[in-house]
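Colleague: My file is query_29.cif. It has mmCIF, C-alpha atoms:
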data_input
#
loop_
_atom_site.label_atom_id
_atom_site.label_comp_id
_atom_site.auth_asym_id
_atom_site.auth_seq_id
_atom_site.Cartn_x
_atom_site.Cartn_y
_atom_site.Cartn_z
CA MET A 22 -48.40 -33.41 -69.72
CA SER A 23 -46.48 -30.10 -69.76
CA ASP A 24 -43.33 -30.01 -71.87
CA ALA A 25 -41.62 -27.73 -69.34
CA PRO A 26 -38.25 -29.06 -68.15
CA ARG A 27 -38.02 -30.84 -64.80
CA LEU A 28 -35.23 -31.94 -62.51
CA ILE A 29 -35.71 -35.68 -61.97
CA LEU A 30 -33.62 -36.79 -59.02
CA VAL A 31 -32.98 -40.52 -58.73
CA ASP A 32 -30.79 -40.21 -55.68
CA SER A 33 -31.37 -40.64 -51.93
CA VAL A 34 -33.51 -38.39 -49.76
CA VAL A 35 -32.67 -39.11 -46.12
CA VAL A 36 -33.16 -37.34 -42.79
CA ASP A 37 -30.28 -35.53 -41.13
CA VAL A 38 -30.27 -35.66 -37.32
CA VAL A 39 -27.80 -33.00 -36.24
CA LEU A 40 -26.42 -32.99 -32.68
CA ASN A 41 -24.30 -30.04 -31.54
CA VAL A 42 -21.79 -30.83 -28.76
CA ASP A 43 -18.70 -29.26 -27.20
CA ALA A 44 -16.60 -32.25 -28.23
CA LEU A 45 -17.06 -35.92 -29.07
CA PRO A 46 -18.12 -37.79 -25.91
CA GLU A 47 -15.94 -40.36 -24.23
CA ARG A 48 -16.70 -43.96 -25.09
CA GLY A 49 -19.39 -45.28 -22.76
CA SER A 50 -20.30 -41.83 -21.43
CA ASP A 51 -23.60 -39.93 -21.50
CA THR A 52 -23.44 -36.41 -22.95
CA LEU A 53 -26.15 -33.75 -23.20
CA VAL A 54 -26.20 -32.01 -26.58
CA GLU A 55 -26.33 -28.22 -26.88
CA ARG A 56 -28.85 -28.27 -29.73
CA SER A 57 -30.46 -30.85 -31.98
CA ASP A 58 -32.31 -30.61 -35.29
CA SER A 59 -33.92 -33.08 -37.70
CA PHE A 60 -34.61 -32.23 -41.32
CA ALA A 61 -34.70 -33.74 -44.80
CA GLY A 62 -31.29 -33.96 -46.45
CA GLY A 63 -29.33 -35.72 -49.14
CA GLY A 64 -30.83 -35.23 -52.58
CA PHE A 65 -33.60 -33.11 -51.09
CA ASN A 66 -31.18 -30.18 -50.90
CA VAL A 67 -30.57 -30.27 -54.68
CA MET A 68 -34.28 -30.42 -55.49
CA ALA A 69 -35.17 -27.64 -53.05
CA ALA A 70 -32.55 -25.35 -54.60
CA ALA A 71 -33.83 -26.04 -58.11
CA SER A 72 -37.49 -25.78 -57.18
CA ARG A 73 -37.05 -22.39 -55.49
CA LEU A 74 -35.45 -21.11 -58.69
CA GLY A 75 -38.28 -22.21 -60.94
CA LEU A 76 -37.23 -25.70 -62.07
CA ALA A 77 -39.96 -28.17 -61.13
CA SER A 78 -38.49 -31.13 -59.28
CA VAL A 79 -39.47 -34.80 -59.20
CA TYR A 80 -38.15 -37.35 -56.72
CA GLY A 81 -37.68 -40.67 -58.49
CA GLY A 82 -36.05 -42.39 -55.53
CA VAL A 83 -37.74 -44.34 -52.77
CA VAL A 84 -39.23 -43.15 -49.49
CA GLY A 85 -40.22 -45.54 -46.74
CA LEU A 86 -42.90 -45.72 -44.11
CA GLY A 87 -42.20 -44.41 -40.63
CA PRO A 88 -41.25 -41.26 -38.70
CA PHE A 89 -38.24 -40.38 -40.86
CA ALA A 90 -40.22 -40.96 -44.05
CA THR A 91 -42.84 -38.55 -42.72
CA ILE A 92 -40.21 -35.83 -42.23
CA ALA A 93 -38.87 -36.38 -45.75
CA GLN A 94 -42.29 -36.42 -47.41
CA GLU A 95 -43.47 -33.31 -45.59
CA ALA A 96 -40.32 -31.42 -46.59
CA MET A 97 -40.79 -32.34 -50.24
CA ARG A 98 -44.45 -31.38 -50.10
CA GLU A 99 -43.54 -27.93 -48.73
CA GLU A 100 -41.12 -27.40 -51.65
CA ASN A 101 -43.67 -28.59 -54.24
CA ILE A 102 -41.51 -31.60 -55.09
CA VAL A 103 -43.41 -34.45 -56.71
CA VAL A 104 -42.73 -37.95 -55.34
CA ALA A 105 -43.05 -40.23 -58.36
CA THR A 106 -42.54 -43.68 -56.86
CA ALA A 107 -44.62 -45.68 -54.40
CA PRO A 108 -43.21 -45.89 -50.84
CA ASN A 109 -41.54 -48.99 -49.49
CA ASP A 110 -43.90 -49.97 -46.66
CA ASP A 111 -41.43 -52.47 -45.19
CA VAL A 112 -38.76 -50.03 -44.03
CA ASP A 113 -38.40 -46.42 -42.93
CA THR A 114 -36.39 -43.78 -44.77
CA GLY A 115 -32.74 -43.81 -43.74
CA PHE A 116 -31.10 -41.20 -41.53
CA VAL A 117 -27.72 -39.65 -40.86
CA VAL A 118 -26.62 -38.64 -37.37
CA ALA A 119 -24.23 -35.71 -37.64
CA ILE A 120 -22.30 -34.90 -34.46
CA VAL A 121 -21.04 -31.33 -34.80
CA GLU A 122 -18.35 -30.10 -32.41
CA ASP A 123 -17.82 -26.45 -31.45
CA ASN A 124 -14.80 -26.23 -33.77
CA GLY A 125 -16.99 -27.23 -36.72
CA GLU A 126 -15.67 -30.79 -37.01
CA ARG A 127 -18.41 -33.17 -38.16
CA THR A 128 -18.70 -36.89 -37.44
CA PHE A 129 -21.34 -38.87 -39.34
CA LEU A 130 -23.18 -42.10 -38.56
CA THR A 131 -25.41 -43.34 -41.40
CA SER A 132 -28.29 -45.80 -41.25
CA THR A 133 -29.64 -46.77 -44.67
CA GLY A 134 -33.31 -47.40 -45.31
CA ALA A 135 -35.83 -47.35 -48.14
CA GLU A 136 -33.64 -45.13 -50.33
CA ALA A 137 -31.30 -48.12 -50.81
CA THR A 138 -34.02 -50.28 -52.40
CA LEU A 139 -34.39 -48.57 -55.78
CA SER A 140 -35.27 -51.01 -58.57
CA THR A 141 -35.31 -51.01 -62.37
CA ALA A 142 -39.08 -51.47 -62.33
CA GLN A 143 -39.51 -48.25 -60.33
CA LEU A 144 -37.22 -46.28 -62.63
CA ASP A 145 -39.05 -47.62 -65.69
CA GLU A 146 -42.15 -45.80 -64.43
CA LEU A 147 -40.44 -42.43 -64.82
CA ASP A 148 -41.37 -40.67 -68.05
CA VAL A 149 -38.16 -38.78 -68.86
CA THR A 150 -38.20 -36.33 -71.78
CA GLU A 151 -35.44 -34.67 -73.77
CA ARG A 152 -36.07 -31.39 -71.95
CA ASP A 153 -35.62 -32.89 -68.49
CA PHE A 154 -32.56 -32.88 -66.25
CA VAL A 155 -31.58 -36.09 -64.45
CA TYR A 156 -29.38 -36.07 -61.36
CA PHE A 157 -27.88 -38.49 -58.90
CA SER A 158 -24.77 -38.48 -56.72
CA GLY A 159 -22.04 -40.92 -55.84
CA TYR A 160 -23.98 -42.02 -52.77
CA ALA A 161 -26.56 -43.64 -55.06
CA LEU A 162 -23.85 -45.91 -56.46
CA LEU A 163 -22.84 -47.34 -53.08
CA HIS A 164 -25.92 -49.59 -52.95
CA ASP A 165 -25.61 -52.53 -55.37
CA SER A 166 -29.28 -52.69 -56.36
CA ASN A 167 -29.43 -48.91 -56.90
CA ALA A 168 -26.25 -48.91 -58.97
CA ARG A 169 -27.47 -51.66 -61.30
CA ALA A 170 -30.83 -49.97 -61.77
CA LEU A 171 -29.32 -46.53 -62.37
CA LEU A 172 -26.84 -47.68 -65.01
CA LEU A 173 -29.66 -49.33 -66.94
CA PHE A 174 -31.72 -46.19 -66.48
CA LEU A 175 -28.97 -44.05 -68.05
CA LYS A 176 -29.08 -46.24 -71.14
CA ARG A 177 -32.86 -45.86 -71.41
CA ILE A 178 -33.34 -42.12 -71.07
CA PRO A 179 -33.19 -39.94 -74.21
CA ALA A 180 -29.71 -39.06 -75.42
CA ALA A 181 -30.63 -35.36 -75.32
CA THR A 182 -31.66 -35.46 -71.64
CA CYS A 183 -29.12 -33.55 -69.55
CA PHE A 184 -27.51 -35.77 -66.92
CA LEU A 185 -25.76 -34.13 -63.96
CA PHE A 186 -23.62 -36.03 -61.46
CA ASP A 187 -21.82 -35.11 -58.25
CA PRO A 188 -19.58 -37.84 -56.78
CA GLY A 189 -19.76 -36.43 -53.25
CA PRO A 190 -17.16 -36.84 -50.49
CA ILE A 191 -17.18 -40.65 -50.87
CA VAL A 192 -15.73 -40.34 -54.39
CA ASP A 193 -12.81 -42.65 -53.55
CA GLU A 194 -15.25 -45.42 -52.52
CA ILE A 195 -17.07 -45.58 -55.87
CA PRO A 196 -15.92 -48.58 -57.94
CA ASP A 197 -13.96 -47.55 -61.04
CA ALA A 198 -16.31 -49.40 -63.38
CA LEU A 199 -19.27 -47.41 -62.12
CA LEU A 200 -17.42 -44.12 -62.42
CA GLU A 201 -16.43 -44.96 -65.99
CA ALA A 202 -20.09 -45.62 -66.84
CA VAL A 203 -20.93 -42.18 -65.46
CA PHE A 204 -18.07 -40.55 -67.40
CA ASP A 205 -19.42 -42.15 -70.56
CA ARG A 206 -22.90 -40.56 -70.25
CA VAL A 207 -22.66 -37.48 -68.00
CA ASP A 208 -23.28 -34.01 -69.41
CA TRP A 209 -22.20 -32.04 -66.32
CA PHE A 210 -19.80 -33.53 -63.78
CA SER A 211 -19.74 -31.28 -60.71
CA CYS A 212 -17.51 -31.72 -57.67
CA ASN A 213 -15.52 -29.74 -55.14
CA ALA A 214 -11.76 -29.21 -55.17
CA ARG A 215 -11.03 -32.08 -52.76
CA GLU A 216 -13.02 -34.54 -54.83
CA ALA A 217 -11.37 -33.30 -58.02
CA ARG A 218 -7.94 -33.83 -56.45
CA LEU A 219 -8.83 -37.41 -55.48
CA LEU A 220 -9.93 -38.10 -59.04
CA THR A 221 -7.03 -36.42 -60.85
CA ASP A 222 -4.12 -36.18 -58.37
CA SER A 223 -4.03 -32.45 -59.12
CA SER A 224 -4.43 -29.82 -56.41
CA ASP A 225 -4.81 -27.09 -59.03
CA ALA A 226 -8.54 -26.63 -59.63
CA GLU A 227 -8.15 -25.43 -63.22
CA GLU A 228 -5.91 -28.33 -64.18
CA ALA A 229 -8.16 -30.78 -62.35
CA ALA A 230 -11.21 -29.49 -64.22
CA ARG A 231 -9.46 -29.98 -67.56
CA LEU A 232 -8.30 -33.46 -66.56
CA LEU A 233 -11.82 -34.39 -65.54
CA ARG A 234 -13.16 -33.09 -68.83
CA GLY A 235 -10.62 -35.31 -70.56
CA ARG A 236 -12.15 -38.38 -68.92
CA LEU A 237 -15.66 -37.56 -70.14
CA ASN A 238 -17.08 -38.93 -73.35
CA HIS A 239 -18.74 -35.55 -73.88
CA GLY A 240 -20.14 -32.79 -71.71
CA ALA A 241 -18.20 -30.65 -69.27
CA ALA A 242 -16.74 -30.55 -65.77
CA ILE A 243 -17.23 -28.08 -62.93
CA VAL A 244 -14.91 -27.87 -59.94
CA ARG A 245 -16.32 -25.82 -57.05
CA VAL A 246 -13.78 -23.87 -55.01
CA GLY A 247 -15.91 -22.41 -52.23
CA ALA A 248 -15.93 -18.63 -51.91
CA GLU A 249 -13.61 -18.39 -54.91
CA GLY A 250 -16.42 -19.64 -57.16
CA CYS A 251 -15.89 -22.49 -59.59
CA VAL A 252 -13.92 -23.63 -62.62
CA VAL A 253 -15.79 -24.69 -65.76
CA ALA A 254 -14.02 -26.88 -68.33
CA GLU A 255 -16.12 -27.32 -71.47
CA SER A 256 -13.18 -28.74 -73.37
CA GLU A 257 -10.08 -30.69 -72.40
CA GLY A 258 -7.82 -27.88 -73.53
CA SER A 259 -9.35 -24.94 -71.72
CA SER A 260 -11.05 -23.90 -68.50
CA GLU A 261 -12.72 -20.77 -67.22
CA VAL A 262 -12.76 -19.43 -63.66
CA VAL A 263 -16.19 -18.08 -62.66
CA ALA A 264 -15.71 -15.78 -59.68
CA GLY A 265 -17.56 -16.40 -56.45
CA PHE A 266 -19.03 -14.02 -53.86
CA ARG A 267 -17.61 -13.10 -50.47
CA VAL A 268 -20.15 -13.44 -47.69
CA GLU A 269 -20.10 -14.14 -43.96
CA SER A 270 -20.51 -17.90 -43.74
CA VAL A 271 -22.68 -19.32 -40.97
CA ASP A 272 -23.18 -22.91 -42.15
CA SER A 273 -21.67 -24.43 -45.29
CA ASN A 274 -23.75 -27.62 -45.04
CA GLY A 275 -25.52 -28.23 -48.34
CA ALA A 276 -23.77 -25.46 -50.30
CA GLY A 277 -22.54 -27.87 -52.96
CA ASP A 278 -26.03 -29.32 -53.36
CA CYS A 279 -27.43 -25.82 -53.70
CA HIS A 280 -24.85 -25.05 -56.40
CA VAL A 281 -25.84 -28.10 -58.47
CA GLY A 282 -29.57 -27.44 -58.15
CA ALA A 283 -29.20 -23.74 -58.97
CA PHE A 284 -26.95 -24.50 -61.94
CA ALA A 285 -29.50 -26.94 -63.38
CA ALA A 286 -32.28 -24.37 -62.90
CA GLN A 287 -30.34 -21.70 -64.77
CA LEU A 288 -29.53 -24.07 -67.63
CA ALA A 289 -33.24 -24.90 -67.80
CA HIS A 290 -33.99 -21.17 -68.07
CA GLY A 291 -31.71 -21.00 -71.11
CA ARG A 292 -28.66 -19.33 -69.61
CA PRO A 293 -25.26 -20.16 -71.14
CA ALA A 294 -23.10 -22.40 -68.98
CA LEU A 295 -20.75 -19.70 -67.63
CA GLU A 296 -23.64 -17.40 -66.77
CA ALA A 297 -25.50 -20.32 -65.14
CA ALA A 298 -22.36 -21.03 -63.08
CA ARG A 299 -22.25 -17.39 -61.93
CA TRP A 300 -25.85 -17.59 -60.73
CA ALA A 301 -25.09 -20.92 -59.05
CA ASN A 302 -22.10 -19.36 -57.28
CA ALA A 303 -24.38 -16.60 -55.99
CA ALA A 304 -27.05 -19.06 -54.83
CA ALA A 305 -24.45 -21.15 -52.98
CA ALA A 306 -23.01 -18.02 -51.37
CA MET A 307 -26.46 -16.99 -50.15
CA SER A 308 -27.09 -20.49 -48.80
CA VAL A 309 -24.12 -20.40 -46.42
CA THR A 310 -25.38 -17.24 -44.71
CA LYS A 311 -28.19 -19.25 -43.06
CA ARG A 312 -28.19 -22.30 -40.82
CA GLY A 313 -29.44 -25.58 -42.26
CA PRO A 314 -28.82 -27.67 -45.36
CA ALA A 315 -31.61 -26.44 -47.66
CA THR A 316 -31.21 -22.67 -47.49
CA GLY A 317 -31.00 -21.77 -51.17
CA PRO A 318 -32.68 -18.54 -52.33
CA THR A 319 -35.80 -17.92 -54.39
CA THR A 320 -35.47 -16.24 -57.78
CA PRO A 321 -36.40 -12.74 -56.50
CA GLU A 322 -33.90 -13.10 -53.63
CA LEU A 323 -31.16 -14.23 -56.00
CA GLU A 324 -31.87 -11.42 -58.48
CA GLU A 325 -31.71 -8.88 -55.67
CA PHE A 326 -28.39 -10.33 -54.44
CA LEU A 327 -26.88 -10.13 -57.92
CA ARG A 328 -28.00 -6.51 -58.29
#
What does this structure look like when you write it as structure tokens?
Modeller:
Amino acid sequence: MSDAPRLILVDSVVVDVVLNVDALPERGSDTLVERSDSFAGGGFNVMAAASRLGLASVYGGVVGLGPFATIAQEAMREENIVVATAPNDDVDTGFVVAIVEDNGERTFLTSTGAEATLSTAQLDELDVTERDFVYFSGYALLHDSNARALLLFLKRIPAATCFLFDPGPIVDEIPDALLEAVFDRVDWFSCNAREARLLTDSSDAEEAARLLRGRLNHGAAIVRVGAEGCVVAESEGSSEVVAGFRVESVDSNGAGDCHVGAFAAQLAHGRPALEAARWANAAAAMSVTKRGPATGPTTPELEEFLR
């Protein structure tokens, strides 16, 4: 087996069904949508971003059997993402219906599936090395069986393996005990400004990043602030603003996922944290100039953008 680093994602890959409408329909009515799309989402966006930037990606979560599972598996195959676990033949992959109004407001309806059936036995089959990067988000902790399996998994993987975590927009729904277990092991805690505020009661991104770093046993915190870039706090007493890039945004869906995947890829390539954050800022900026959730750049595209 190659000793090259990999991103091992033990999160949820689901299918996003996006419906564009003028406005939310009346209850009991029948509304024609302007446009509809279906594509792999969730953790897929992180892996796609990393894979396009040269960090091989492995999906250690669960796919199902059915039409949505087919969409997810085909998307991962196209991005050269390895699916490491056997599918759950009893249930399809879950999906998220996103109703997008003309003003950009999004309403989500989520149906869980095979991704919520992760077990300790499946995670034990993953051969994680010290050079690998492990990632999951707060969504993975909302399913009881997944949460139990993942916390045991964190205790099993090598201490030198880099663990990245993003709480996601449901940060305030994650039980405190589970968050504390993450804080105890995480190497890079990455979130956006809203999530940081919910966790720290601070609306100042720099202060929030330092407060988050103070809750970690070790490692560092990143607070993403959109076009302004991000704040990196590698110690409780200091933080560094890494400037972002101004672009014309078309679709911000998946930008945070792209940032995390690109950041992991740059760390894997040996870049120092602040430089890796700069490249991640650029990748996220490029991603919002295209429609869709998995629109991160390739390495040549990113290098050209930075030039």
Colleague: Can you measure CA of Thr138 (chain A) to CA of Ser57 (chain A) for me? One decimal in Å is fine.
Modeller: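 Value for the CA of Thr138 (chain A)-CA of Ser57 (chain A) distance: 28.4 Å.
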Colleague: Please determine, counting all atoms listed in the file, which residue among A:Leu199, A:Leu232, A:Thr319, A:Asn101 has the shortest atom-to-atom distance to Ala217 (chain A).
Modeller: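 Using all atoms listed in the file, the shortest distance to Ala217 (chain A) belongs to A:Leu232.
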Colleague: For the file shown, what are the residues hit by the PyMOL selection byres ((chain A and resi 279) around 10), laid out as a PyMOL selection string?
Modeller: chain A and resi 65-71+274-278+280-285+301-309+314-318
Colleague: Since we have the selection now, will you write its residues out, keeping C-alpha atoms, as a PDB file, keeping the file's coordinate frame?
Modeller:
ATOM      1  CA  PHE A  65     -33.600 -33.110 -51.090  1.00  0.00           C
ATOM      2  CA  ASN A  66     -31.180 -30.180 -50.900  1.00  0.00           C
ATOM      3  CA  VAL A  67     -30.570 -30.270 -54.680  1.00  0.00           C
ATOM      4  CA  MET A  68     -34.280 -30.420 -55.490  1.00  0.00           C
ATOM      5  CA  ALA A  69     -35.170 -27.640 -53.050  1.00  0.00           C
ATOM      6  CA  ALA A  70     -32.550 -25.350 -54.600  1.00  0.00           C
ATOM      7  CA  ALA A  71     -33.830 -26.040 -58.110  1.00  0.00           C
ATOM      8  CA  ASN A 274     -23.750 -27.620 -45.040  1.00  0.00           C
ATOM      9  CA  GLY A 275     -25.520 -28.230 -48.340  1.00  0.00           C
ATOM     10  CA  ALA A 276     -23.770 -25.460 -50.300  1.00  0.00           C
ATOM     11  CA  GLY A 277     -22.540 -27.870 -52.960  1.00  0.00           C
ATOM     12  CA  ASP A 278     -26.030 -29.320 -53.360  1.00  0.00           C
ATOM     13  CA  HIS A 280     -24.850 -25.050 -56.400  1.00  0.00           C
ATOM     14  CA  VAL A 281     -25.840 -28.100 -58.470  1.00  0.00           C
ATOM     15  CA  GLY A 282     -29.570 -27.440 -58.150  1.00  0.00           C
ATOM     16  CA  ALA A 283     -29.200 -23.740 -58.970  1.00  0.00           C
ATOM     17  CA  PHE A 284     -26.950 -24.500 -61.940  1.00  0.00           C
ATOM     18  CA  ALA A 285     -29.500 -26.940 -63.380  1.00  0.00           C
ATOM     19  CA  ALA A 301     -25.090 -20.920 -59.050  1.00  0.00           C
ATOM     20  CA  ASN A 302     -22.100 -19.360 -57.280  1.00  0.00           C
ATOM     21  CA  ALA A 303     -24.380 -16.600 -55.990  1.00  0.00           C
ATOM     22  CA  ALA A 304     -27.050 -19.060 -54.830  1.00  0.00           C
ATOM     23  CA  ALA A 305     -24.450 -21.150 -52.980  1.00  0.00           C
ATOM     24  CA  ALA A 306     -23.010 -18.020 -51.370  1.00  0.00           C
ATOM     25  CA  MET A 307     -26.460 -16.990 -50.150  1.00  0.00           C
ATOM     26  CA  SER A 308     -27.090 -20.490 -48.800  1.00  0.00           C
ATOM     27  CA  VAL A 309     -24.120 -20.400 -46.420  1.00  0.00           C
ATOM     28  CA  PRO A 314     -28.820 -27.670 -45.360  1.00  0.00           C
ATOM     29  CA  ALA A 315     -31.610 -26.440 -47.660  1.00  0.00           C
ATOM     30  CA  THR A 316     -31.210 -22.670 -47.490  1.00  0.00           C
ATOM     31  CA  GLY A 317     -31.000 -21.770 -51.170  1.00  0.00           C
ATOM     32  CA  PRO A 318     -32.680 -18.540 -52.330  1.00  0.00           C
TER      33      PRO A 318
END
Colleague: Residues of region 55-100 of chain A that have any atom at most 12 Å from an atom of region 36-41 of chain A: could you tabulate them with the shortest-distance atom pair and the distance in Å to one decimal, using all atoms listed in the file, ordered by chain and increasing number, as JSON lines?
Modeller:
{"residue": "A:Glu55", "atom": "CA", "partner": "A:Asn41", "partner_atom": "CA", "distance": 5.4}
{"residue": "A:Arg56", "atom": "CA", "partner": "A:Asn41", "partner_atom": "CA", "distance": 5.2}
{"residue": "A:Ser57", "atom": "CA", "partner": "A:Leu40", "partner_atom": "CA", "distance": 4.6}
{"residue": "A:Asp58", "atom": "CA", "partner": "A:Val39", "partner_atom": "CA", "distance": 5.2}
{"residue": "A:Ser59", "atom": "CA", "partner": "A:Val38", "partner_atom": "CA", "distance": 4.5}
{"residue": "A:Phe60", "atom": "CA", "partner": "A:Asp37", "partner_atom": "CA", "distance": 5.4}
{"residue": "A:Ala61", "atom": "CA", "partner": "A:Val36", "partner_atom": "CA", "distance": 4.4}
{"residue": "A:Gly62", "atom": "CA", "partner": "A:Val36", "partner_atom": "CA", "distance": 5.3}
{"residue": "A:Gly63", "atom": "CA", "partner": "A:Val36", "partner_atom": "CA", "distance": 7.6}
{"residue": "A:Gly64", "atom": "CA", "partner": "A:Val36", "partner_atom": "CA", "distance": 10.3}
{"residue": "A:Phe65", "atom": "CA", "partner": "A:Val36", "partner_atom": "CA", "distance": 9.3}
{"residue": "A:Asn66", "atom": "CA", "partner": "A:Val36", "partner_atom": "CA", "distance": 11.0}
{"residue": "A:Val84", "atom": "CA", "partner": "A:Val36", "partner_atom": "CA", "distance": 10.7}
{"residue": "A:Gly85", "atom": "CA", "partner": "A:Val36", "partner_atom": "CA", "distance": 11.5}
{"residue": "A:Gly87", "atom": "CA", "partner": "A:Val36", "partner_atom": "CA", "distance": 11.7}
{"residue": "A:Pro88", "atom": "CA", "partner": "A:Val36", "partner_atom": "CA", "distance": 9.9}
{"residue": "A:Phe89", "atom": "CA", "partner": "A:Val36", "partner_atom": "CA", "distance": 6.2}
{"residue": "A:Ala90", "atom": "CA", "partner": "A:Val36", "partner_atom": "CA", "distance": 8.0}
{"residue": "A:Thr91", "atom": "CA", "partner": "A:Val36", "partner_atom": "CA", "distance": 9.8}
{"residue": "A:Ile92", "atom": "CA", "partner": "A:Val36", "partner_atom": "CA", "distance": 7.2}
{"residue": "A:Ala93", "atom": "CA", "partner": "A:Val36", "partner_atom": "CA", "distance": 6.5}
{"residue": "A:Gln94", "atom": "CA", "partner": "A:Val36", "partner_atom": "CA", "distance": 10.3}
{"residue": "A:Glu95", "atom": "CA", "partner": "A:Val36", "partner_atom": "CA", "distance": 11.4}
{"residue": "A:Ala96", "atom": "CA", "partner": "A:Val36", "partner_atom": "CA", "distance": 10.0}
{"residue": "A:Met97", "atom": "CA", "partner": "A:Val36", "partner_atom": "CA", "distance": 11.8}
Colleague: Using all atoms listed in the file, which residues sit within 7 Å of region 239-250 of chain A once same-chain residues fewer than 2 positions away are excluded, as an NGL selection string?
Modeller: :A and (207-214 or 217 or 226 or 230 or 233-234 or 237 or 252-256 or 263-267 or 302)
Colleague: Which distance in Å separates CA of Asp123 (chain A) and CA of Pro46 (chain A), to one decimal?
Modeller: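 Atom-to-atom, CA of Asp123 (chain A) and CA of Pro46 (chain A) are spaced 12.6 Å apart.
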Colleague: I'd like the interatomic distance between CA of Arg169 (chain A) and CA of Ala77 (chain A), to a tenth of an Å.
Modeller: 26.6 Å
Colleague: Closest to Gly313 (chain A) among A:Glu100, A:Glu47, A:Asp272, A:Glu296, using all atoms listed in the file?
Modeller: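 Closest to Gly313 (chain A) of all the choices is A:Asp272.
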Colleague: Just want the 10 Å neighbourhood of Pro190 (chain A), counted on all atoms listed in the file, with same-chain residues fewer than 4 positions away dropped. Output as a PDB file with C-alpha atoms, in the frame of the given file.
Modeller:
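Once everything was written out, this is around_25.pdb:
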ATOM      1  CA  SER A 158     -24.770 -38.480 -56.720  1.00  0.00           C
ATOM      2  CA  GLY A 159     -22.040 -40.920 -55.840  1.00  0.00           C
ATOM      3  CA  TYR A 160     -23.980 -42.020 -52.770  1.00  0.00           C
ATOM      4  CA  GLU A 194     -15.250 -45.420 -52.520  1.00  0.00           C
ATOM      5  CA  CYS A 212     -17.510 -31.720 -57.670  1.00  0.00           C
ATOM      6  CA  ASN A 213     -15.520 -29.740 -55.140  1.00  0.00           C
ATOM      7  CA  ARG A 215     -11.030 -32.080 -52.760  1.00  0.00           C
ATOM      8  CA  GLU A 216     -13.020 -34.540 -54.830  1.00  0.00           C
ATOM      9  CA  LEU A 219      -8.830 -37.410 -55.480  1.00  0.00           C
TER      10      LEU A 219
END
Colleague: Could you tell me which residues the PyMOL selection byres ((chain A and resi 24) around 12) returns for this structure, as an MDAnalysis selection string?
Modeller: chainID A and resid 22:23 25:27 77 148:153
Colleague: Which residue, A:Glu322, A:Glu261, A:Glu227, A:Asp32, has the smallest gap to Phe157 (chain A) when you use all atoms listed in the file?
Modeller: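 Of the candidates, the smallest distance to Phe157 (chain A) is held by A:Asp32.
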